[in-house]
Amino acid sequence: MLKFIAIITIILVFSAGCTTSPKEGDTVEITQIGFVPKVLKISVGDTVTFVNSDVKSHWPASANHPTHTGYPEEGGCIGSKFDSCGPLKTGEKFYFTFNQKGTWSYHDHIDSSLTGIVIVE
Ligand SMILES: [Cu+2]
């Protein structure tokens, strides 16, 4: 009986562990009204998925428009690595891993009135 309880306990602990890891990615949806959620809090090293749920194309990129130098990692295509480097069509995704702590503003390079913030702690 003790052995049975021990096995059940191990299974419960193991399955509880499985529900929390691997960590599900954080997602920002791009809709016709903009980025949802507008402010997203994550931990350093987390990957955010930007998914275009609108019928129009969108292009997430670091602030500020048009230089995109706000996020302090070189690379990408304009001024920072945090840039989808092209329009996302409906249903398309852009994945970005935030390795820098800080409050990072971004925008839609096609319609720069659409903005969002990722807070990396
Ligand atoms: Cu821009």
# chains A, B, ... in the order shown; residues from 1 in each chain; ligands from 1
$ select_by_dssp --residues "region 9-118 of chain A" --states "helix (DSSP H, G or I)" --output "PyMOL selection string"
chain A and resi 9-20
$ residues_near_ligand --ligand "ligand 1" --cutoff "8 Å" --atoms "only C-alpha atoms and all ligand atoms" --output "NGL selection string"
:A and (61-68 or 107-110 or 112)
$ closest_residue --among "A:Leu40, A:Ile119, A:Phe98, A:Lys89" --to "Ser53 (chain A)" --atoms "only C-alpha atoms"
A:Lys89
$ residues_around --residues "Gly116 (chain A)" --least-positions-apart "3" --cutoff "9 Å" --atoms "only C-alpha atoms" --output "list of chain:residue names"
A:Gly34, A:Phe35, A:Val36, A:Pro37, A:Lys38, A:Val39, A:Leu40, A:Trp104, A:Ser105, A:Tyr106, A:His107, A:Asp108
$ write_last_selection --atoms "N, CA, C and O atoms" --output "PDB file, in the first residue's frame"
ATOM      1  N   GLY A  34      -4.801  47.242 -32.662  1.00  0.00           N
ATOM      2  CA  GLY A  34      -3.414  47.317 -32.223  1.00  0.00           C
ATOM      3  C   GLY A  34      -2.950  46.074 -31.498  1.00  0.00           C
ATOM      4  O   GLY A  34      -3.510  44.993 -31.689  1.00  0.00           O
ATOM      5  N   PHE A  35      -1.917  46.267 -30.663  1.00  0.00           N
ATOM      6  CA  PHE A  35      -1.295  45.140 -29.973  1.00  0.00           C
ATOM      7  C   PHE A  35      -2.086  44.772 -28.714  1.00  0.00           C
ATOM      8  O   PHE A  35      -2.435  45.642 -27.915  1.00  0.00           O
ATOM      9  N   VAL A  36      -2.349  43.479 -28.552  1.00  0.00           N
ATOM     10  CA  VAL A  36      -3.095  42.980 -27.394  1.00  0.00           C
ATOM     11  C   VAL A  36      -2.323  41.825 -26.758  1.00  0.00           C
ATOM     12  O   VAL A  36      -2.099  40.812 -27.440  1.00  0.00           O
ATOM     13  N   PRO A  37      -1.880  41.899 -25.502  1.00  0.00           N
ATOM     14  CA  PRO A  37      -2.024  43.062 -24.627  1.00  0.00           C
ATOM     15  C   PRO A  37      -1.060  44.167 -25.039  1.00  0.00           C
ATOM     16  O   PRO A  37      -0.027  43.907 -25.635  1.00  0.00           O
ATOM     17  N   LYS A  38      -1.436  45.379 -24.678  1.00  0.00           N
ATOM     18  CA  LYS A  38      -0.622  46.536 -25.033  1.00  0.00           C
ATOM     19  C   LYS A  38       0.648  46.579 -24.182  1.00  0.00           C
ATOM     20  O   LYS A  38       1.690  47.023 -24.639  1.00  0.00           O
ATOM     21  N   VAL A  39       0.531  46.105 -22.941  1.00  0.00           N
ATOM     22  CA  VAL A  39       1.696  46.015 -22.058  1.00  0.00           C
ATOM     23  C   VAL A  39       1.839  44.566 -21.618  1.00  0.00           C
ATOM     24  O   VAL A  39       0.891  43.966 -21.115  1.00  0.00           O
ATOM     25  N   LEU A  40       3.004  43.994 -21.854  1.00  0.00           N
ATOM     26  CA  LEU A  40       3.256  42.598 -21.504  1.00  0.00           C
ATOM     27  C   LEU A  40       4.480  42.531 -20.598  1.00  0.00           C
ATOM     28  O   LEU A  40       5.515  43.129 -20.905  1.00  0.00           O
ATOM     29  N   TRP A 104      10.637  48.074 -22.914  1.00  0.00           N
ATOM     30  CA  TRP A 104      10.906  48.232 -24.347  1.00  0.00           C
ATOM     31  C   TRP A 104       9.625  48.578 -25.112  1.00  0.00           C
ATOM     32  O   TRP A 104       8.714  47.762 -25.197  1.00  0.00           O
ATOM     33  N   SER A 105       9.596  49.769 -25.629  1.00  0.00           N
ATOM     34  CA  SER A 105       8.467  50.188 -26.452  1.00  0.00           C
ATOM     35  C   SER A 105       8.688  49.706 -27.883  1.00  0.00           C
ATOM     36  O   SER A 105       9.824  49.565 -28.326  1.00  0.00           O
ATOM     37  N   TYR A 106       7.583  49.470 -28.546  1.00  0.00           N
ATOM     38  CA  TYR A 106       7.670  49.065 -29.953  1.00  0.00           C
ATOM     39  C   TYR A 106       6.449  49.585 -30.688  1.00  0.00           C
ATOM     40  O   TYR A 106       5.544  50.180 -30.079  1.00  0.00           O
ATOM     41  N   HIS A 107       6.418  49.402 -31.968  1.00  0.00           N
ATOM     42  CA  HIS A 107       5.336  49.938 -32.794  1.00  0.00           C
ATOM     43  C   HIS A 107       5.142  49.064 -34.023  1.00  0.00           C
ATOM     44  O   HIS A 107       5.907  48.126 -34.263  1.00  0.00           O
ATOM     45  N   ASP A 108       4.136  49.414 -34.782  1.00  0.00           N
ATOM     46  CA  ASP A 108       3.913  48.786 -36.085  1.00  0.00           C
ATOM     47  C   ASP A 108       4.578  49.709 -37.114  1.00  0.00           C
ATOM     48  O   ASP A 108       4.181  50.865 -37.260  1.00  0.00           O
TER      49      ASP A 108
END
$ select_by_dssp --residues "region 15-116 of chain A" --states "strand (DSSP E)" --output "VMD selection string"
chain A and resid 26 to 31 34 to 36 39 to 42 47 to 52 60 to 62 93 to 97 102 to 108 115 to 116
$ atom_distance --atom1 "CA of Gly102 (chain A)" --atom2 "CA of Ser57 (chain A)"
27.7 Å
